[in-house]
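Written out below as structure tokens is the structure these notes cover.
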Amino acid sequence: MWLEYRELDELEDEVFDFGEEAKGTLIFSSTSTTAKCPECNDLLKKFKYRLYDLEMAFCPNQHGYWLEDDEDTRVLELMKKEEAGVQRSLHAEDQWAATLRRMRSGSFLSKVRDLFH
Ligand SMILES: [Zn+2]
């Protein structure tokens, strides 16, 4: 699943409040991949999401992030762990699901629009 740069940002804001300081340190180090960005065709780089054992690829030109199958579920699990740590009462799973639904339907609609232009 492809997430635009701002979508992951929004998702994190909505599901969990990492705070701007923590968000600034999302990518500490990265390695090259052979996958290409769907927007600019540059090679994606991969990094460990929030230093957990979860790899995500990203476009070096900040177009977005690529999540492999099931990785979105793992991101959610990590977010829930963080959430438990600070005793927040947000229902992360519901928030994540609702946000993804909105994003997916949005990108689906724009793909449909592209088809007819
Ligand atoms: Zn790109």
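Chain labels follow the order of the structure tokens: the first chain is A, the next B, and so on; residue numbering restarts at 1 in every chain, and ligands are counted from 1 in their shown order.
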Close residues to ligand 1 using only C-alpha atoms and all ligand atoms, limit 6 Å, as a PyMOL selection string = chain A and resi 37+39-40+42+59+61+63
Write the residues of the selection above to a file with N, CA and C atoms, as a PDB file, in the first residue's frame.
ATOM      1  N   CYS A  37       9.514   4.857  -6.846  1.00  0.00           N
ATOM      2  CA  CYS A  37       8.414   5.711  -6.413  1.00  0.00           C
ATOM      3  C   CYS A  37       7.388   5.802  -7.543  1.00  0.00           C
ATOM      4  N   GLU A  39       5.426   8.079  -8.124  1.00  0.00           N
ATOM      5  CA  GLU A  39       5.253   9.464  -8.590  1.00  0.00           C
ATOM      6  C   GLU A  39       6.427   9.990  -9.391  1.00  0.00           C
ATOM      7  N   CYS A  40       7.667   9.745  -8.906  1.00  0.00           N
ATOM      8  CA  CYS A  40       8.811  10.337  -9.611  1.00  0.00           C
ATOM      9  C   CYS A  40       9.772   9.299 -10.177  1.00  0.00           C
ATOM     10  N   ASP A  42      12.054   7.633  -8.861  1.00  0.00           N
ATOM     11  CA  ASP A  42      13.332   7.481  -8.169  1.00  0.00           C
ATOM     12  C   ASP A  42      13.288   6.193  -7.349  1.00  0.00           C
ATOM     13  N   CYS A  59      10.115   7.441  -0.505  1.00  0.00           N
ATOM     14  CA  CYS A  59      10.688   8.165  -1.629  1.00  0.00           C
ATOM     15  C   CYS A  59      11.622   9.242  -1.081  1.00  0.00           C
ATOM     16  N   ASN A  61      12.350  11.897  -2.319  1.00  0.00           N
ATOM     17  CA  ASN A  61      11.801  13.215  -2.642  1.00  0.00           C
ATOM     18  C   ASN A  61      10.508  13.495  -1.878  1.00  0.00           C
ATOM     19  N   HIS A  63       7.713  11.868  -1.518  1.00  0.00           N
ATOM     20  CA  HIS A  63       6.403  11.639  -2.118  1.00  0.00           C
ATOM     21  C   HIS A  63       5.554  10.713  -1.278  1.00  0.00           C
TER      22      HIS A  63
END
Who sits within 8 Å of Tyr65 of chain A, only C-alpha atoms, same chain under 2 positions skipped, as a PyMOL selection string | chain A and resi 2-5+8+56-59+63+67
Which of A:Asp13, A:Asp69, A:Thr31, A:Val75 sits closest to Lys46 of chain A [using only C-alpha atoms] = A:Thr31
What's the 8 Å shell around Glu68 of chain A, counting only C-alpha atoms, without same-chain residues fewer than 2 positions away, as a count of residues only?
-> 6
Atom CA of Ser29 of chain A and atom CA of Lys48 of chain A, how far apart in Å?
-> 7.9 Å
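Across A:Glu12, A:Pro60, A:Ser30, A:Leu43, the tightest approach to Lys80 of chain A is made by A:Glu12 when counting only C-alpha atoms.
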Atom CA of Glu14 of chain A to atom CA of Glu55 of chain A measures 21.4 Å
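Distance-wise, atom CA of Ser32 of chain A and atom CA of Leu76 of chain A end up 24.8 Å apart.
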